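Enquirer: If you scroll down you'll find the structure; I have some questions about it.
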Protein chains: 2
Amino acid sequence: MKKTALIMAGGKGERFWPKSRKSCPKQFLSITGDGKTMIQLTVERILPMVDMEDIYVATNRDYRELVREQLPQLPEENILCEPVGRNTAPCIGLGAAHIARKYPDAVMLVLASDHLIQKPEVFRQDLERACQVAEDGENLVTLGIQPTYPETGYGYICHEKEPAYPEAHAYPVERFVEKPDRETAERYLASGHYLWNSGMFIWKVSTIQAKMAQYMPEAAKGLKIIQDAIGTPEQEAVLDREFRNLPSESVDYGIMEKADHIYTIPGDFGWDDVGSWLAVERIRPADSQGNVLEGNVVAVNTSRSTIQGGKKLIAAVGLENMIVVDTEDAILICSKNHAGEIKKVLEELRNRDCLEYL
Amino acid sequence: MKKTALIMAGGKGERFWPKSRKSCPKQFLSITGDGKTMIQLTVERILPMVDMEDIYVATNRDYRELVREQLPQLPEENILCEPVGRNTAPCIGLGAAHIARKYPDAVMLVLASDHLIQKPEVFRQDLERACQVAEDGENLVTLGIQPTYPETGYGYICHEKEPAYPEAHAYPVERFVEKPDRETAERYLASGHYLWNSGMFIWKVSTIQAKMAQYMPEAAKGLKIIQDAIGTPEQEAVLDREFRNLPSESVDYGIMEKADHIYTIPGDFGWDDVGSWLAVERIRPADSQGNVLEGNVVAVNTSRSTIQGGKKLIAAVGLENMIVVDTEDAILICSKNHAGEIKKVLEELRNRDCLEYL
């Protein structure tokens, strides 16, 4: 079975400001502190099952150079630059178009570039199982995440009680549900057959292309034109023209919620989407006061706080439930209860035309 | 009437860290933001009534150069350097010794170097009144401050209901009281005859020397030896030897609480001791959210907070009741309710031998 992968790396990572910047968003940073960037870890994690030359990275033109620098082994032509952002369905379609030209029958792993996976062996085992299910007929497989707490920030996958592929631990998906409120999330957690939607997919290239033709026929047409131009002198010009006309649509909404033969494999591989600074306390050990302190920090009477110091000494006195992130030119001081409002800082900076901080 | 002044400028200003440092404490900083340092403002304020050559500054050797730089008109010999800190009584005794050699009958104003006074004309008027009272017999006069809220951080002066010198608005002092609890402070405020103890005194040099001989005879002996050596080649050596042996005592405890003929003049000249970062919100106008923001700051959903930005952008999200002070090498992030614990940061820095931040 030929295995290929598409790594989606076009995100802006605004919720990780001020470390994540427009010029170098989260996927190109080392958030876990081991020196490797998130996209490097993503590639490293799948290299035991996918050859480097079969890995594709979808990003935008601003980040081509970063991908090149951080993944020097990746073939140049495997960096796919979307001319504009059009959400995940067109992005996946573009990846499928490139892979289909070489291996129309390959299995394609669709992965995020900025997720943390603490048990890569378990992750690969689940991917292998997903590949087996994906090989069968026209199945679409998604990796679900066994929830560990009633998170309200993720979509959920509701699956049937009995696995359709017992050996692969794959369950038929009943439905995808939007981010729930707290009470609903608690019900999902207790029910035992709701999973977090990780946004990682496994399918045959031919299958996803067929489904796209069925559920997003206009997009499929444009993608076919793009595919046919690959390797010709018009490749870039055609991409530029056609991609803009594709609808901005997520693959969840455009295909997964509509198609049949959707399966999910409940994963328990230490996944975290590292979606905001709140993630740090989940992935790093806290001290006895519940603090995660790093760098040049003196903390007095401070609890349940995440402080990422830089060169400057940070003296924290009487802080509770706070996030502090220092960088060369900006420092964020944010109540954990308001972590969702970091984007408002970026809005304000845009209003003030302080673009150097974005 | 000859008027002289002693400005006490030996404080460490630790509660104003990180702006106030061991190498440049609060009195040598511009806290009010008008460019002039607190000690410069202190001198400027009394120049209409005291000649520059009759102003003495008591400090320690580390700050001699700062005084010289910031007060270039001050005669070199008027900078009195205490070899060690011995609280206010020996400091005042040293000032009195120097003044007594030139003008034994002069009136001496004893002033802090790091207080804010927003109505200097009113202040000078009260000082003139105090000088009149001080000229009479062996009176000791202290400027009290009409309290405007039930502050628990100051000592209070309880005075009699009827003024002894009606024209000078001077009341006999009944007693000095320590920092009260909240309830007591409210009672003091309501009573109408309690004043804040500002630590500013007015008396004749001869009077304070006589009182010191009476209530602190050992100290007075040492100070007399120091006084006799002034202008001789042994001046510094004698000071060095004798000053160390003086008891560490405040003038309040050593003399004011024991002596008779103590008068107070209730002052209403916009006084603030600028005793901690909490003072900033008292002396600067707040915005509609109750914030006092200065410098490079973006605030989202932030209220009742004081932020003093520096070069680095400070993004504040969801802060409430916080103090943030940025400097070149350190940033303080402190809950207003814990402002008293800033000293613990300095302790910790000493423990870690990070002396460069002190």
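Following the order of the structure tokens, chains are lettered A, B, ..., residues in each are numbered from 1, and ligands are numbered from 1.
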Starting from chain A, keep only residues with some atom at most 6 Å from an atom of chain B, counting only C-alpha atoms, and report them as a ChimeraX atom specification.

Expert: /A:312-318,329-335,338

Enquirer: Write out as an MDAnalysis selection string all residues of region 48-219 of chain A that DSSP puts in strand (DSSP E or B) for this structure's backbone.

Expert: chainID A and resid 55:60 79:82 107:112 116:117 140:145 156:159 165 170:177 194:204

Enquirer: May I have the selected residues written with C-alpha atoms, as a CSV table (one decimal), in the first residue's frame?

Expert:
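Output file part-v5.csv is given in full below:
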chain,number,residue,atom,x,y,z
A,55,ILE,CA,5.0,14.1,2.0
A,56,TYR,CA,3.3,17.3,0.8
A,57,VAL,CA,3.0,20.5,2.7
A,58,ALA,CA,0.2,22.9,1.9
A,59,THR,CA,0.9,26.4,3.0
A,60,ASN,CA,0.8,29.9,1.5
A,79,ILE,CA,5.6,22.5,-1.1
A,80,LEU,CA,2.1,23.5,-2.3
A,81,CYS,CA,1.4,27.2,-2.0
A,82,GLU,CA,-2.3,28.1,-2.0
A,107,VAL,CA,-3.7,6.3,0.7
A,108,MET,CA,-3.4,9.9,1.8
A,109,LEU,CA,-3.0,11.0,5.4
A,110,VAL,CA,-4.2,14.5,6.0
A,111,LEU,CA,-2.5,16.0,9.1
A,112,ALA,CA,-2.3,19.3,10.9
A,116,LEU,CA,1.1,17.9,19.7
A,117,ILE,CA,1.2,14.2,19.8
A,140,LEU,CA,-13.4,8.0,4.7
A,141,VAL,CA,-11.6,7.7,8.0
A,142,THR,CA,-11.1,10.3,10.7
A,143,LEU,CA,-9.0,10.0,13.8
A,144,GLY,CA,-11.1,10.8,16.8
A,145,ILE,CA,-9.6,11.7,20.1
A,156,TYR,CA,-17.2,16.2,18.5
A,157,ILE,CA,-17.8,13.0,16.5
A,158,CYS,CA,-20.6,10.7,17.6
A,159,HIS,CA,-20.0,7.1,16.6
A,165,TYR,CA,-13.9,-3.0,11.6
A,170,ALA,CA,-13.0,1.6,13.6
A,171,TYR,CA,-16.5,2.7,14.3
A,172,PRO,CA,-19.1,4.1,11.9
A,173,VAL,CA,-19.6,7.8,12.4
A,174,GLU,CA,-23.2,8.7,13.3
A,175,ARG,CA,-22.8,12.4,13.0
A,176,PHE,CA,-20.4,15.4,13.5
A,177,VAL,CA,-21.5,17.9,16.1
A,194,TYR,CA,-18.3,10.9,21.5
A,195,LEU,CA,-14.8,11.8,20.4
A,196,TRP,CA,-13.0,15.0,19.7
A,197,ASN,CA,-12.7,15.9,16.1
A,198,SER,CA,-9.0,16.1,15.5
A,199,GLY,CA,-9.2,17.2,11.9
A,200,MET,CA,-6.9,14.4,10.8
A,201,PHE,CA,-8.2,12.2,7.9
A,202,ILE,CA,-7.2,9.1,6.1
A,203,TRP,CA,-8.5,8.1,2.7
A,204,LYS,CA,-7.5,7.0,-0.7

Enquirer: CA of Ala96 (chain A) to CA of His261 (chain A): how many Å, to one decimal?

Expert: 19.1 Å

Enquirer: Using DSSP on the backbone, list every residue of region 46-143 of chain B that comes out as helix (DSSP H, G or I), and give them as a ChimeraX atom specification.

Expert: /B:46,52-54,61-70,76-78,88-102,120-135

Enquirer: Quick check, in Å to one decimal: how far apart do CA of Ala190 (chain A) and CA of Asp126 (chain A) lie?

Expert: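 Result for CA of Ala190 (chain A) versus CA of Asp126 (chain A): 23.1 Å, one decimal.
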
Enquirer: Could you state the separation of CA of Glu77 (chain A) and CA of Ala213 (chain A) in Å, given to one decimal place?

Expert: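 So the two atoms, CA of Glu77 (chain A) and CA of Ala213 (chain A), lie 25.3 Å apart.
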
Enquirer: Using only C-alpha atoms, which of the listed residues (B:Arg45, B:Lys36, B:Lys26, B:Lys179) sits closest to Gln125 (chain B)?

Expert: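 Of the candidates, the smallest distance to Gln125 (chain B) is held by B:Arg45.
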